[in-house]
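Chemist: Got final_18.cif for you, mmCIF, C-alpha atoms:
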```cif
data_query
loop_
_atom_site.label_atom_id
_atom_site.label_comp_id
_atom_site.auth_asym_id
_atom_site.auth_seq_id
_atom_site.Cartn_x
_atom_site.Cartn_y
_atom_site.Cartn_z
CA MET A 268 -70.39 27.71 -1.50
CA ASP A 269 -67.03 26.94 -3.07
CA PRO A 270 -66.56 29.18 -6.15
CA SER A 271 -65.20 26.20 -8.10
CA GLU A 272 -68.49 24.39 -7.57
CA SER A 273 -70.65 27.36 -8.55
CA ASP A 274 -69.11 27.70 -12.00
CA GLY A 275 -69.21 23.97 -12.72
CA ARG A 276 -65.46 23.31 -12.49
CA PRO A 277 -64.40 20.14 -10.63
CA ARG A 278 -62.99 20.66 -7.17
CA LYS A 279 -59.24 20.01 -6.79
CA ILE A 280 -58.39 17.24 -4.39
CA ASN A 281 -54.96 17.26 -2.69
CA LYS A 282 -55.23 13.70 -1.50
CA PRO A 283 -52.17 11.72 -2.73
CA ASN A 284 -52.44 8.40 -4.50
CA TYR A 285 -52.65 5.54 -2.09
CA SER A 286 -49.46 3.67 -1.31
CA LYS A 287 -48.13 1.90 1.74
CA PHE A 288 -45.25 4.36 1.85
CA THR A 289 -47.39 7.53 1.95
CA GLN A 290 -49.77 5.95 4.43
CA GLN A 291 -46.91 4.65 6.59
CA GLU A 292 -48.05 1.07 6.31
CA LEU A 293 -44.70 -0.47 5.41
CA PRO A 294 -43.71 -3.50 7.49
CA ALA A 295 -41.49 -2.62 10.43
CA CYS A 296 -39.60 -4.48 13.07
CA ARG A 297 -40.52 -3.53 16.62
CA PRO A 298 -38.41 -5.61 18.96
CA VAL A 299 -39.79 -6.22 22.40
CA LEU A 300 -36.95 -5.58 24.84
CA THR A 301 -37.64 -8.15 27.49
CA PRO A 302 -35.15 -8.58 30.34
CA ARG A 303 -33.86 -11.78 28.74
CA THR A 304 -33.27 -9.98 25.40
CA VAL A 305 -31.41 -7.11 27.08
CA ILE A 306 -29.23 -9.50 29.08
CA THR A 307 -28.42 -11.47 25.91
CA ILE A 308 -27.46 -8.33 23.96
CA PHE A 309 -25.19 -6.99 26.72
CA SER A 310 -23.61 -10.42 27.17
CA LEU A 311 -22.84 -10.74 23.45
CA ILE A 312 -21.29 -7.28 23.33
CA SER A 313 -19.08 -8.05 26.32
CA ILE A 314 -18.06 -11.44 24.86
CA ILE A 315 -16.97 -9.71 21.62
CA PHE A 316 -15.46 -6.49 22.99
CA VAL A 317 -13.42 -7.80 25.94
CA PRO A 318 -11.23 -10.20 23.90
CA ILE A 319 -10.70 -7.54 21.22
CA GLY A 320 -9.65 -5.04 23.89
CA ILE A 321 -7.24 -7.49 25.52
CA ALA A 322 -5.73 -8.45 22.15
CA SER A 323 -5.33 -4.78 21.19
CA LEU A 324 -3.60 -3.93 24.45
CA ILE A 325 -1.24 -6.90 24.13
CA ALA A 326 -0.39 -5.90 20.55
CA SER A 327 0.22 -2.31 21.62
CA GLN A 328 2.51 -3.38 24.45
CA GLU A 329 4.57 -5.47 22.01
CA VAL A 330 5.43 -2.34 20.01
CA ILE A 331 8.91 -1.04 20.84
CA GLU A 332 9.10 2.74 20.73
CA LEU A 333 12.14 4.95 21.35
CA VAL A 334 11.67 8.72 21.63
CA GLY A 335 14.48 11.24 21.83
CA ARG A 336 13.77 14.95 22.13
CA TYR A 337 16.53 17.08 20.63
CA ASP A 338 15.34 20.69 20.25
CA THR A 339 16.76 21.67 23.65
CA SER A 340 20.02 19.70 23.48
CA CYS A 341 20.80 20.74 19.89
CA ALA A 342 20.74 24.48 20.55
CA PRO A 343 22.46 26.82 23.03
CA MET A 344 20.71 27.65 26.27
CA VAL A 345 20.30 31.32 25.33
CA ASP A 346 19.23 33.04 22.10
CA LYS A 347 18.02 29.91 20.35
CA ILE A 348 16.15 31.91 17.70
CA ARG A 349 19.26 33.76 16.56
CA PHE A 350 21.16 30.47 16.50
CA ILE A 351 18.61 28.68 14.30
CA GLN A 352 18.25 31.66 11.93
CA ASN A 353 22.00 32.03 11.46
CA SER A 354 22.89 30.11 8.28
CA THR A 355 26.59 29.94 9.24
CA SER A 356 26.18 28.34 12.67
CA ASN A 357 26.95 24.65 13.10
CA LYS A 358 23.62 22.93 13.67
CA ARG A 359 24.82 19.33 13.62
CA CYS A 360 24.25 17.37 16.81
CA THR A 361 23.71 13.80 18.01
CA ILE A 362 21.41 11.98 20.40
CA THR A 363 21.85 8.44 21.69
CA LEU A 364 19.05 5.92 22.23
CA LYS A 365 19.20 2.47 23.80
CA ALA A 366 17.21 -0.45 22.37
CA HIS A 367 16.31 -2.36 25.52
CA LYS A 368 14.44 -4.99 23.49
CA TYR A 369 14.79 -6.63 20.10
CA MET A 370 13.30 -4.45 17.36
CA LYS A 371 12.07 -6.33 14.31
CA ARG A 372 12.21 -4.72 10.89
CA PRO A 373 10.82 -2.63 9.36
CA ILE A 374 11.53 0.04 11.96
CA PHE A 375 9.78 3.33 11.29
CA LEU A 376 11.63 6.60 11.80
CA TYR A 377 9.37 9.58 12.57
CA TYR A 378 9.93 13.19 13.47
CA GLN A 379 7.63 14.57 16.13
CA ILE A 380 6.74 18.24 16.48
CA GLY A 381 4.90 19.76 19.42
CA ASN A 382 2.90 22.99 19.76
CA PHE A 383 2.55 23.31 15.98
CA TYR A 384 -1.06 23.89 14.93
CA GLN A 385 -1.25 22.59 11.38
CA ASN A 386 -5.02 22.53 11.81
CA HIS A 387 -5.23 26.32 12.19
CA ARG A 388 -7.68 27.55 9.58
CA SER A 389 -5.43 30.24 8.09
CA TYR A 390 -2.52 27.83 7.82
CA ALA A 391 -4.38 24.75 6.57
CA SER A 392 -6.18 26.74 3.85
CA SER A 393 -2.99 28.41 2.59
CA ARG A 394 -2.53 26.05 -0.37
CA ASN A 395 -3.86 25.48 -3.88
CA ASP A 396 -4.69 21.84 -4.52
CA ARG A 397 -5.38 22.43 -8.22
CA GLN A 398 -1.89 23.84 -8.66
CA LEU A 399 -0.42 20.63 -7.23
CA LEU A 400 -2.17 18.53 -9.88
CA TYR A 401 -2.72 20.68 -12.97
CA LYS A 402 -0.55 22.95 -15.06
CA ASN A 403 -1.30 26.67 -15.32
CA ALA A 404 -3.73 26.59 -12.39
CA HIS A 405 -5.06 30.05 -11.59
CA LEU A 406 -3.63 31.32 -8.31
CA LYS A 407 -6.05 33.08 -6.01
CA LYS A 408 -5.61 34.72 -2.64
CA GLU A 409 -5.74 31.42 -0.71
CA CYS A 410 -1.93 31.04 -1.00
CA ASN A 411 -1.10 34.47 0.44
CA PRO A 412 1.54 35.50 1.33
CA GLU A 413 3.47 32.79 -0.58
CA THR A 414 1.88 33.23 -4.02
CA HIS A 415 4.47 35.01 -6.14
CA THR A 416 8.11 36.02 -5.88
CA THR A 417 9.14 39.65 -5.51
CA ASP A 418 9.36 39.94 -9.32
CA GLY A 419 5.87 38.48 -9.84
CA ALA A 420 6.75 34.89 -10.85
CA PRO A 421 4.33 32.23 -9.51
CA ILE A 422 5.58 29.94 -6.74
CA VAL A 423 5.00 26.20 -7.17
CA PRO A 424 3.88 24.84 -4.74
CA CYS A 425 2.41 27.96 -3.19
CA GLY A 426 1.07 28.62 0.29
CA LEU A 427 2.23 28.44 3.88
CA VAL A 428 1.84 24.67 4.21
CA ALA A 429 4.46 23.93 1.56
CA TRP A 430 6.57 26.93 2.59
CA SER A 431 6.97 25.55 6.15
CA LEU A 432 8.24 22.14 4.95
CA PHE A 433 10.26 20.33 7.62
CA ASN A 434 13.99 20.41 6.84
CA ASP A 435 15.82 18.62 9.66
CA THR A 436 17.77 15.57 8.46
CA PHE A 437 18.67 12.35 10.25
CA THR A 438 21.41 9.75 9.87
CA VAL A 439 21.31 6.59 11.99
CA ASP A 440 24.19 4.50 13.35
CA VAL A 441 23.58 1.20 15.14
CA ASN A 442 26.53 0.11 17.29
CA GLY A 443 28.80 2.38 15.29
CA GLU A 444 27.64 1.06 11.89
CA THR A 445 25.81 3.41 9.54
CA THR A 446 22.29 2.12 8.84
CA GLU A 447 20.36 3.11 5.74
CA VAL A 448 17.10 5.01 6.20
CA ASN A 449 14.87 4.13 3.25
CA LYS A 450 12.71 7.09 2.21
CA HIS A 451 10.88 5.31 -0.63
CA ASP A 452 7.09 4.95 -0.38
CA ILE A 453 6.74 6.98 2.81
CA ALA A 454 3.72 8.84 1.39
CA TRP A 455 0.24 7.45 0.80
CA ALA A 456 -0.15 6.02 -2.71
CA SER A 457 -3.52 7.75 -3.05
CA ASP A 458 -1.87 11.12 -2.37
CA LYS A 459 0.94 10.52 -4.87
CA ASN A 460 -1.38 9.31 -7.62
CA ASN A 461 -4.39 11.55 -7.15
CA LYS A 462 -3.28 14.79 -5.50
CA PHE A 463 0.18 15.57 -6.90
CA GLY A 464 0.87 15.70 -10.64
CA ASP A 465 3.67 13.73 -12.28
CA ASP A 466 4.15 16.58 -14.78
CA ILE A 467 4.17 19.42 -12.24
CA TYR A 468 7.63 20.57 -11.18
CA PRO A 469 8.61 22.96 -8.36
CA SER A 470 9.52 26.45 -9.48
CA ASN A 471 10.56 29.57 -7.55
CA PHE A 472 10.05 27.63 -4.31
CA GLN A 473 11.49 29.39 -1.23
CA LYS A 474 12.23 32.44 -3.40
CA GLY A 475 9.44 34.62 -2.07
CA LYS A 476 9.50 37.40 0.49
CA LEU A 477 9.96 34.96 3.38
CA ILE A 478 12.42 32.09 3.66
CA GLY A 479 10.76 29.04 5.19
CA GLY A 480 11.79 25.41 5.56
CA ALA A 481 13.21 22.88 3.13
CA THR A 482 13.90 23.44 -0.55
CA LEU A 483 12.75 21.13 -3.37
CA ASN A 484 14.58 19.54 -6.27
CA GLU A 485 13.20 21.30 -9.36
CA SER A 486 14.03 18.31 -11.58
CA VAL A 487 11.70 15.98 -9.65
CA PRO A 488 7.91 16.23 -10.17
CA LEU A 489 5.67 16.88 -7.19
CA SER A 490 4.42 13.28 -7.26
CA GLY A 491 7.98 12.21 -6.47
CA GLN A 492 8.56 14.71 -3.65
CA GLU A 493 7.48 12.33 -0.89
CA ASP A 494 8.70 14.47 2.02
CA LEU A 495 6.48 17.26 0.72
CA ILE A 496 3.50 14.94 0.24
CA VAL A 497 3.82 13.62 3.80
CA TRP A 498 4.11 17.15 5.20
CA MET A 499 1.11 18.50 3.29
CA ARG A 500 -1.24 15.92 4.83
CA THR A 501 -1.91 18.31 7.71
CA ALA A 502 -2.21 16.95 11.24
CA ALA A 503 -5.32 17.22 13.40
CA PHE A 504 -3.53 17.89 16.69
CA SER A 505 -0.83 20.29 17.84
CA THR A 506 1.58 17.43 18.60
CA PHE A 507 2.04 15.10 15.65
CA ARG A 508 4.40 12.65 14.03
CA LYS A 509 5.25 12.31 10.37
CA LEU A 510 7.11 9.48 8.70
CA TYR A 511 10.70 10.28 7.73
CA GLY A 512 11.79 6.81 6.54
CA ARG A 513 12.15 3.11 7.32
CA ILE A 514 15.05 1.04 8.59
CA LYS A 515 14.86 -2.35 6.90
CA LYS A 516 17.20 -4.04 9.34
CA ASP A 517 16.62 -5.68 12.71
CA ILE A 518 18.07 -3.96 15.77
CA MET A 519 19.23 -6.32 18.49
CA ALA A 520 18.48 -5.87 22.19
CA ASN A 521 20.84 -3.54 24.09
CA ALA A 522 22.05 -1.99 20.84
CA THR A 523 23.22 1.62 20.97
CA ILE A 524 21.51 3.82 18.38
CA THR A 525 23.13 7.13 17.52
CA VAL A 526 21.10 9.63 15.50
CA PHE A 527 23.04 12.39 13.77
CA ILE A 528 20.78 15.41 13.32
CA GLN A 529 21.05 18.51 11.19
CA ASN A 530 18.97 20.86 13.33
CA ASN A 531 17.62 23.33 10.76
CA TYR A 532 13.90 23.63 11.51
CA ASN A 533 12.87 26.63 13.57
CA THR A 534 10.41 25.66 16.29
CA TYR A 535 11.95 28.06 18.80
CA SER A 536 10.03 31.08 17.48
CA PHE A 537 6.70 29.62 18.61
CA GLY A 538 7.84 27.52 21.58
CA GLY A 539 7.59 24.21 19.76
CA SER A 540 9.42 20.97 20.44
CA LYS A 541 11.10 18.39 18.21
CA ALA A 542 11.84 14.72 18.75
CA VAL A 543 12.96 11.72 16.76
CA VAL A 544 10.97 8.49 17.16
CA LEU A 545 11.97 4.92 16.29
CA SER A 546 9.08 2.48 16.40
CA THR A 547 8.13 -1.04 15.37
CA THR A 548 4.56 -1.99 14.47
CA SER A 549 2.06 -4.74 15.20
CA TRP A 550 -1.11 -5.93 13.46
CA ILE A 551 -2.94 -2.96 14.98
CA GLY A 552 -0.32 -0.44 13.86
CA GLY A 553 1.87 1.66 16.14
CA LYS A 554 1.76 1.99 19.91
CA ASN A 555 -1.80 2.98 20.82
CA ASN A 556 -3.42 1.91 24.09
CA PHE A 557 -6.59 3.93 23.53
CA ILE A 558 -8.29 1.39 21.24
CA GLY A 559 -7.72 -1.46 23.67
CA ILE A 560 -8.87 0.57 26.66
CA ALA A 561 -11.98 1.72 24.80
CA TYR A 562 -12.98 -1.83 23.84
CA LEU A 563 -12.29 -3.12 27.36
CA SER A 564 -14.28 -0.29 28.95
CA VAL A 565 -17.35 -0.90 26.78
CA GLY A 566 -17.09 -4.67 27.18
CA CYS A 567 -16.74 -4.50 30.97
CA LEU A 568 -19.61 -2.01 31.23
CA CYS A 569 -21.89 -4.31 29.21
CA LEU A 570 -20.83 -7.30 31.32
CA PHE A 571 -21.62 -5.35 34.50
CA LEU A 572 -25.06 -4.37 33.14
CA ALA A 573 -25.78 -7.95 32.06
CA LEU A 574 -24.90 -9.27 35.53
CA GLY A 575 -26.94 -6.50 37.12
CA PHE A 576 -30.06 -7.33 35.08
CA SER A 577 -29.53 -11.05 35.74
CA SER A 578 -29.42 -10.51 39.49
CA VAL A 579 -32.58 -8.40 39.43
CA HIS A 580 -34.63 -10.55 37.05
CA GLY A 581 -33.03 -13.91 37.77
#
```
Using structure tokens, write down the structure from this file.
Modeler:
Amino acid sequence: MDPSESDGRPRKINKPNYSKFTQQELPACRPVLTPRTVITIFSLISIIFVPIGIASLIASQEVIELVGRYDTSCAPMVDKIRFIQNSTSNKRCTITLKAHKYMKRPIFLYYQIGNFYQNHRSYASSRNDRQLLYKNAHLKKECNPETHTTDGAPIVPCGLVAWSLFNDTFTVDVNGETTEVNKHDIAWASDKNNKFGDDIYPSNFQKGKLIGGATLNESVPLSGQEDLIVWMRTAAFSTFRKLYGRIKKDIMANATITVFIQNNYNTYSFGGSKAVVLSTTSWIGGKNNFIGIAYLSVGCLCLFLALGFSSVHG
């Protein structure tokens, strides 16, 4: 006998209150996948995906893209590391590109770096996001080794990501005429407004134990340092492009484009590459065949399956 019954106490019941949810009696849709339904679904997917894929490929092919690698041509054949680390050596060089087709403004100027792993855990975590937005943020070990100067003063912004800021510069001539490269609004507005403070100014930057990339203007707040903001949005792959500026002028077909480069950034120590990229855009963005190929592949596969089911169950 249950002890609770022997002493007169009511027996506890664990049964929950009745509801359609607890008893799994809610209405549900259970589609019956007949051959006709499956054929219809595959046909609709193919009808939607194939035109999108074709349109995406056409838009991607309309993008004009010029790429010029310069890390090898802008340095001597031997002892490149000593050359790039020598502050007195002349690092100015030029590359020439040919616009075989008409390039409509705005034309985006990117720098491309290869074999640089910004997604490496130790590198990507070497930053303090609170310091970028708030005053007197407490520095922890995440910014090591670029946390303080040799005399103990805090570095703003700290960490390896900011320390390795890209510092090559570009000047563009089109048919011998200097063309302005507009560097305004090259960073995401959400980054400028929400991740970098308008009252936080660089201090002691590039004054630590190691000398890295570019320096920062200490009279401009971090929210106005757009080259820094672009750089600190770390890339997912080892080869990446980052926006340097825009050319708000059309470039005619067969125009000769000369890019004057100040080759300061050291990619030779880790076997990296550098290139300058000039690109137009379309409604889908830059040159990217993957989206169109993906849509076409799925659409064609669904069309093949629809035809296959139709032949079997026709």
Chemist: Between A:Asn395, A:Gln379, A:Ser578, A:Ser490, which residue has the minimum interatomic distance to Lys509 (chain A), considering only C-alpha atoms?
Modeler: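 Looking only at the distances to Lys509 (chain A), the closest residue turns out to be A:Gln379.
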Chemist: For CA of Ala454 (chain A) and CA of Leu489 (chain A), determine how far apart the two atoms are, in Å to one decimal place.
Modeler: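 CA of Leu489 (chain A) lies at a distance of 11.9 Å from CA of Ala454 (chain A).
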Chemist: Residues picked by the PyMOL selection byres ((chain A and resi 373) around 10) here, as a list of chain:residue names?
Modeler: A:Met370, A:Lys371, A:Arg372, A:Ile374, A:Phe375, A:Leu376, A:Asn449, A:Gly512, A:Arg513, A:Ile514, A:Lys515, A:Lys516, A:Asp517, A:Ile518, A:Ser546, A:Thr547, A:Thr548
Chemist: Could you give me, as a PDB file with C-alpha atoms, in the frame of the given file, the residues within 7 Å of Gly566 (chain A), counting all atoms listed in the file and dropping anything in the same chain fewer than 4 positions from it?
Modeler:
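Below you can see result30.pdb, which holds the result:
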```
ATOM      1  CA  ILE A 312     -21.290  -7.280  23.330  1.00  0.00           C
ATOM      2  CA  SER A 313     -19.080  -8.050  26.320  1.00  0.00           C
ATOM      3  CA  PHE A 316     -15.460  -6.490  22.990  1.00  0.00           C
ATOM      4  CA  VAL A 317     -13.420  -7.800  25.940  1.00  0.00           C
ATOM      5  CA  TYR A 562     -12.980  -1.830  23.840  1.00  0.00           C
ATOM      6  CA  LEU A 570     -20.830  -7.300  31.320  1.00  0.00           C
TER       7      LEU A 570
END
```
Chemist: Out of A:Asn281, A:Ser286, A:Thr307, A:Asn442, which residue has the shortest atom-to-atom distance to Cys569 (chain A) when counting only C-alpha atoms?
Modeler: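 Of A:Asn281, A:Ser286, A:Thr307, A:Asn442, the one nearest Cys569 (chain A), counting only C-alpha atoms, is A:Thr307.
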Chemist: Show which residues sit within 7 Å of region 344-351 of chain A, as a list in words. Count only C-alpha atoms, and ignore same-chain residues fewer than 5 positions away.
Modeler: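 Returned residues: Ser356, Asn531, Asn533, Tyr535 and Ser536 of chain A.
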Chemist: Please produce a file of those selected residues containing C-alpha atoms, as a PDB file, in the frame of the given file.
Modeler:
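What follows is the written file result.pdb:
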```
ATOM      1  CA  SER A 356      26.180  28.340  12.670  1.00  0.00           C
ATOM      2  CA  ASN A 531      17.620  23.330  10.760  1.00  0.00           C
ATOM      3  CA  ASN A 533      12.870  26.630  13.570  1.00  0.00           C
ATOM      4  CA  TYR A 535      11.950  28.060  18.800  1.00  0.00           C
ATOM      5  CA  SER A 536      10.030  31.080  17.480  1.00  0.00           C
TER       6      SER A 536
END
```
Chemist: For the file shown, report as a list of chain:residue names the outcome of the PyMOL selection byres ((chain A and resi 458-463) around 9) at residue level.
Modeler: A:Asp396, A:Arg397, A:Gln398, A:Leu399, A:Leu400, A:Tyr401, A:Ala454, A:Trp455, A:Ala456, A:Ser457, A:Gly464, A:Asp465, A:Asp466, A:Ile467, A:Pro488, A:Leu489, A:Ser490, A:Gly491, A:Gln492, A:Glu493, A:Ile496, A:Val497, A:Arg500
Chemist: Write the residues of the selection above to a file with C-alpha atoms, as a PDB file, keeping the file's coordinate frame.
Modeler:
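Once written, result.pdb looks like this:
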```pdb
ATOM      1  CA  ASP A 396      -4.690  21.840  -4.520  1.00  0.00           C
ATOM      2  CA  ARG A 397      -5.380  22.430  -8.220  1.00  0.00           C
ATOM      3  CA  GLN A 398      -1.890  23.840  -8.660  1.00  0.00           C
ATOM      4  CA  LEU A 399      -0.420  20.630  -7.230  1.00  0.00           C
ATOM      5  CA  LEU A 400      -2.170  18.530  -9.880  1.00  0.00           C
ATOM      6  CA  TYR A 401      -2.720  20.680 -12.970  1.00  0.00           C
ATOM      7  CA  ALA A 454       3.720   8.840   1.390  1.00  0.00           C
ATOM      8  CA  TRP A 455       0.240   7.450   0.800  1.00  0.00           C
ATOM      9  CA  ALA A 456      -0.150   6.020  -2.710  1.00  0.00           C
ATOM     10  CA  SER A 457      -3.520   7.750  -3.050  1.00  0.00           C
ATOM     11  CA  GLY A 464       0.870  15.700 -10.640  1.00  0.00           C
ATOM     12  CA  ASP A 465       3.670  13.730 -12.280  1.00  0.00           C
ATOM     13  CA  ASP A 466       4.150  16.580 -14.780  1.00  0.00           C
ATOM     14  CA  ILE A 467       4.170  19.420 -12.240  1.00  0.00           C
ATOM     15  CA  PRO A 488       7.910  16.230 -10.170  1.00  0.00           C
ATOM     16  CA  LEU A 489       5.670  16.880  -7.190  1.00  0.00           C
ATOM     17  CA  SER A 490       4.420  13.280  -7.260  1.00  0.00           C
ATOM     18  CA  GLY A 491       7.980  12.210  -6.470  1.00  0.00           C
ATOM     19  CA  GLN A 492       8.560  14.710  -3.650  1.00  0.00           C
ATOM     20  CA  GLU A 493       7.480  12.330  -0.890  1.00  0.00           C
ATOM     21  CA  ILE A 496       3.500  14.940   0.240  1.00  0.00           C
ATOM     22  CA  VAL A 497       3.820  13.620   3.800  1.00  0.00           C
ATOM     23  CA  ARG A 500      -1.240  15.920   4.830  1.00  0.00           C
TER      24      ARG A 500
END
```
Chemist: Could you tell me how far CA of Thr482 (chain A) sits from CA of Arg388 (chain A), in Å to one decimal place?
Modeler: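 Interatomic distance, CA of Arg388 (chain A) to CA of Thr482 (chain A): 24.2 Å.
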Chemist: Please evaluate the PyMOL selection byres ((chain A and resi 418-432) around 10) against the displayed coordinates and give the resulting residues as JSON, numbers by chain.
Modeler: {"A": [385, 389, 390, 391, 392, 393, 394, 395, 396, 398, 399, 403, 405, 406, 408, 409, 410, 411, 412, 413, 414, 415, 416, 417, 433, 434, 435, 467, 468, 469, 470, 471, 472, 473, 474, 475, 477, 478, 479, 480, 481, 482, 483, 485, 489, 494, 495, 496, 497, 498, 499, 500, 501, 532, 533]}
Chemist: Can you tell me, as a PyMOL selection string, what residues are no more than 12 Å from region 320-334 of chain A when counting only C-alpha atoms, ignoring any on the same chain fewer than 4 positions away?
Modeler: chain A and resi 312-316+362-380+508+518-520+523-526+541-567
Chemist: For CA of Phe576 (chain A) and CA of Pro302 (chain A), determine how far apart the two atoms are, in Å to one decimal place.
Modeler: 7.1 Å
Chemist: Under the rule that all atoms listed in the file are counted, which of A:Val305, A:Cys360, A:Cys296, A:Val441 is the nearest residue to Ala522 (chain A)?
Modeler: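 The shortest atom-to-atom distance to Ala522 (chain A) comes from A:Val441.
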Chemist: Counting only C-alpha atoms, which residues sit no farther than 10 Å from the position (15.0, 20.3, 22.1) in the file's frame? I'd like them as a list in words.
Modeler: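 Residues found, by chain and rising number: Gly335, Arg336, Tyr337, Asp338, Thr339, Ser340, Cys341, Ala342, Pro343, Asn530, Thr534, Tyr535, Gly539, Ser540, Lys541 and Ala542 of chain A.
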